Amino acid sequence: QDIAVEFDRQWARQVLAVAFRRLREDEEAARLTKGDVEIFEMKHGDPSRSHAEIAKMKEVDVNAVVVSVRRTLRRLKEHLREQLQPTTAT
């Protein structure tokens, strides 16, 4: 069972790594705004960090941070769905 658990963890890490690589590609191709991935990582790397705190650090409006996080999360979900669909298709 330990082997199966470790396999699942490694698989999940790989899926997330690919999704985050695609987010960075989206940013480079202007499908996301430059800085979106960094803002998303700042928020989700430390969930206790407020949007206002991130806005102050990035010298942008709080609403810009909220929109950035939502936009990036939406794209992340799309990338995860694309990767997971073949494993869940019946």
# chains A, B, ... in the order shown; residues from 1 in each chain; ligands from 1
>>> residues_around(residues="segment 21-37 of chain A", least_positions_apart="6", cutoff="12 Å", atoms="only C-alpha atoms", output="number ranges by chain")
A: 14-15, 43-45, 54-55, 58-60, 64-80, 82-83
>>> select_by_dssp(residues="chain A", states="alpha helix (DSSP H)", output="PyMOL selection string")
chain A and resi 2-28+36-45+51-58+62-88
>>> decode(residues="segment 37-52 of chain A", atoms="all heavy atoms", output="JSON list (two decimals), in the first residue's frame")
[["chain", "number", "residue", "atom", "x", "y", "z"],
["A", 37, "VAL", "N", 0.90, 34.52, -12.83],
["A", 37, "VAL", "CA", 1.33, 33.28, -12.17],
["A", 37, "VAL", "C", 2.03, 33.61, -10.85],
["A", 37, "VAL", "O", 1.79, 32.95, -9.83],
["A", 37, "VAL", "CB", 2.24, 32.44, -13.10],
["A", 37, "VAL", "CG1", 2.78, 31.22, -12.37],
["A", 37, "VAL", "CG2", 1.48, 32.01, -14.35],
["A", 38, "GLU", "N", 2.85, 34.64, -10.85],
["A", 38, "GLU", "CA", 3.53, 35.04, -9.62],
["A", 38, "GLU", "C", 2.52, 35.44, -8.54],
["A", 38, "GLU", "O", 2.64, 35.03, -7.38],
["A", 38, "GLU", "CB", 4.49, 36.20, -9.88],
["A", 38, "GLU", "CG", 5.22, 36.65, -8.64],
["A", 38, "GLU", "CD", 6.10, 37.87, -8.85],
["A", 38, "GLU", "OE1", 6.09, 38.45, -9.97],
["A", 38, "GLU", "OE2", 6.79, 38.24, -7.90],
["A", 39, "ILE", "N", 1.52, 36.23, -8.91],
["A", 39, "ILE", "CA", 0.50, 36.65, -7.96],
["A", 39, "ILE", "C", -0.26, 35.43, -7.43],
["A", 39, "ILE", "O", -0.51, 35.31, -6.23],
["A", 39, "ILE", "CB", -0.45, 37.68, -8.59],
["A", 39, "ILE", "CG1", 0.29, 39.02, -8.76],
["A", 39, "ILE", "CG2", -1.72, 37.86, -7.75],
["A", 39, "ILE", "CD1", -0.45, 40.05, -9.57],
["A", 40, "PHE", "N", -0.61, 34.52, -8.32],
["A", 40, "PHE", "CA", -1.31, 33.30, -7.92],
["A", 40, "PHE", "C", -0.47, 32.50, -6.92],
["A", 40, "PHE", "O", -0.97, 32.03, -5.89],
["A", 40, "PHE", "CB", -1.62, 32.45, -9.15],
["A", 40, "PHE", "CG", -2.40, 31.20, -8.85],
["A", 40, "PHE", "CD1", -3.77, 31.25, -8.70],
["A", 40, "PHE", "CD2", -1.76, 29.98, -8.72],
["A", 40, "PHE", "CE1", -4.50, 30.09, -8.41],
["A", 40, "PHE", "CE2", -2.47, 28.83, -8.44],
["A", 40, "PHE", "CZ", -3.85, 28.88, -8.29],
["A", 41, "GLU", "N", 0.81, 32.35, -7.22],
["A", 41, "GLU", "CA", 1.70, 31.60, -6.33],
["A", 41, "GLU", "C", 1.87, 32.31, -4.99],
["A", 41, "GLU", "O", 1.97, 31.66, -3.95],
["A", 41, "GLU", "CB", 3.05, 31.36, -6.99],
["A", 41, "GLU", "CG", 2.95, 30.34, -8.12],
["A", 41, "GLU", "CD", 4.24, 30.17, -8.91],
["A", 41, "GLU", "OE1", 5.07, 31.10, -8.94],
["A", 41, "GLU", "OE2", 4.40, 29.09, -9.50],
["A", 42, "MET", "N", 1.89, 33.64, -5.00],
["A", 42, "MET", "CA", 1.99, 34.39, -3.75],
["A", 42, "MET", "C", 0.76, 34.13, -2.88],
["A", 42, "MET", "O", 0.88, 33.95, -1.67],
["A", 42, "MET", "CB", 2.12, 35.89, -4.03],
["A", 42, "MET", "CG", 3.45, 36.30, -4.63],
["A", 42, "MET", "SD", 3.46, 38.03, -5.15],
["A", 42, "MET", "CE", 3.63, 38.82, -3.55],
["A", 43, "LYS", "N", -0.40, 34.11, -3.51],
["A", 43, "LYS", "CA", -1.65, 33.92, -2.76],
["A", 43, "LYS", "C", -1.77, 32.49, -2.25],
["A", 43, "LYS", "O", -2.09, 32.25, -1.10],
["A", 43, "LYS", "CB", -2.86, 34.29, -3.63],
["A", 43, "LYS", "CG", -4.19, 34.07, -2.96],
["A", 43, "LYS", "CD", -4.34, 34.92, -1.71],
["A", 43, "LYS", "CE", -5.66, 34.63, -1.00],
["A", 43, "LYS", "NZ", -5.66, 35.14, 0.37],
["A", 44, "HIS", "N", -1.52, 31.53, -3.11],
["A", 44, "HIS", "CA", -1.74, 30.14, -2.73],
["A", 44, "HIS", "C", -0.53, 29.50, -2.04],
["A", 44, "HIS", "O", -0.67, 28.46, -1.40],
["A", 44, "HIS", "CB", -2.21, 29.34, -3.93],
["A", 44, "HIS", "CG", -3.59, 29.75, -4.34],
["A", 44, "HIS", "ND1", -4.71, 29.37, -3.65],
["A", 44, "HIS", "CD2", -4.02, 30.59, -5.32],
["A", 44, "HIS", "CE1", -5.77, 29.92, -4.19],
["A", 44, "HIS", "NE2", -5.39, 30.67, -5.21],
["A", 45, "GLY", "N", 0.61, 30.14, -2.15],
["A", 45, "GLY", "CA", 1.78, 29.67, -1.40],
["A", 45, "GLY", "C", 1.66, 30.01, 0.07],
["A", 45, "GLY", "O", 2.21, 29.34, 0.94],
["A", 46, "ASP", "N", 0.90, 31.06, 0.36],
["A", 46, "ASP", "CA", 0.65, 31.49, 1.74],
["A", 46, "ASP", "C", -0.80, 31.97, 1.81],
["A", 46, "ASP", "O", -1.08, 33.15, 1.66],
["A", 46, "ASP", "CB", 1.60, 32.62, 2.13],
["A", 46, "ASP", "CG", 1.40, 33.10, 3.56],
["A", 46, "ASP", "OD1", 0.51, 32.56, 4.26],
["A", 46, "ASP", "OD2", 2.12, 34.03, 3.98],
["A", 47, "PRO", "N", -1.74, 31.03, 2.01],
["A", 47, "PRO", "CA", -3.16, 31.39, 2.00],
["A", 47, "PRO", "C", -3.56, 32.46, 3.01],
["A", 47, "PRO", "O", -4.58, 33.12, 2.85],
["A", 47, "PRO", "CB", -3.87, 30.06, 2.31],
["A", 47, "PRO", "CG", -2.89, 29.00, 1.95],
["A", 47, "PRO", "CD", -1.53, 29.60, 2.20],
["A", 48, "SER", "N", -2.74, 32.64, 4.03],
["A", 48, "SER", "CA", -3.07, 33.68, 5.02],
["A", 48, "SER", "C", -2.77, 35.08, 4.49],
["A", 48, "SER", "O", -3.23, 36.07, 5.05],
["A", 48, "SER", "CB", -2.32, 33.44, 6.32],
["A", 48, "SER", "OG", -0.93, 33.64, 6.13],
["A", 49, "ARG", "N", -2.02, 35.15, 3.40],
["A", 49, "ARG", "CA", -1.68, 36.45, 2.81],
["A", 49, "ARG", "C", -2.91, 37.02, 2.11],
["A", 49, "ARG", "O", -3.52, 36.37, 1.27],
["A", 49, "ARG", "CB", -0.53, 36.26, 1.81],
["A", 49, "ARG", "CG", 0.01, 37.56, 1.26],
["A", 49, "ARG", "CD", 1.18, 37.32, 0.34],
["A", 49, "ARG", "NE", 2.35, 36.99, 1.14],
["A", 49, "ARG", "CZ", 3.40, 36.33, 0.66],
["A", 49, "ARG", "NH1", 3.43, 35.93, -0.57],
["A", 49, "ARG", "NH2", 4.43, 36.09, 1.44],
["A", 50, "SER", "N", -3.26, 38.21, 2.43],
["A", 50, "SER", "CA", -4.47, 38.83, 1.87],
["A", 50, "SER", "C", -4.21, 39.39, 0.47],
["A", 50, "SER", "O", -3.07, 39.65, 0.08],
["A", 50, "SER", "CB", -4.96, 39.96, 2.78],
["A", 50, "SER", "OG", -4.07, 41.06, 2.70],
["A", 51, "HIS", "N", -5.30, 39.59, -0.24],
["A", 51, "HIS", "CA", -5.20, 40.23, -1.56],
["A", 51, "HIS", "C", -4.61, 41.63, -1.40],
["A", 51, "HIS", "O", -3.80, 42.06, -2.22],
["A", 51, "HIS", "CB", -6.58, 40.31, -2.22],
["A", 51, "HIS", "CG", -7.11, 38.98, -2.67],
["A", 51, "HIS", "ND1", -8.11, 38.33, -2.00],
["A", 51, "HIS", "CD2", -6.77, 38.20, -3.71],
["A", 51, "HIS", "CE1", -8.38, 37.19, -2.62],
["A", 51, "HIS", "NE2", -7.57, 37.08, -3.66],
["A", 52, "ALA", "N", -5.00, 42.33, -0.34],
["A", 52, "ALA", "CA", -4.50, 43.68, -0.11],
["A", 52, "ALA", "C", -2.98, 43.67, 0.13],
["A", 52, "ALA", "O", -2.27, 44.55, -0.36],
["A", 52, "ALA", "CB", -5.21, 44.30, 1.09]]
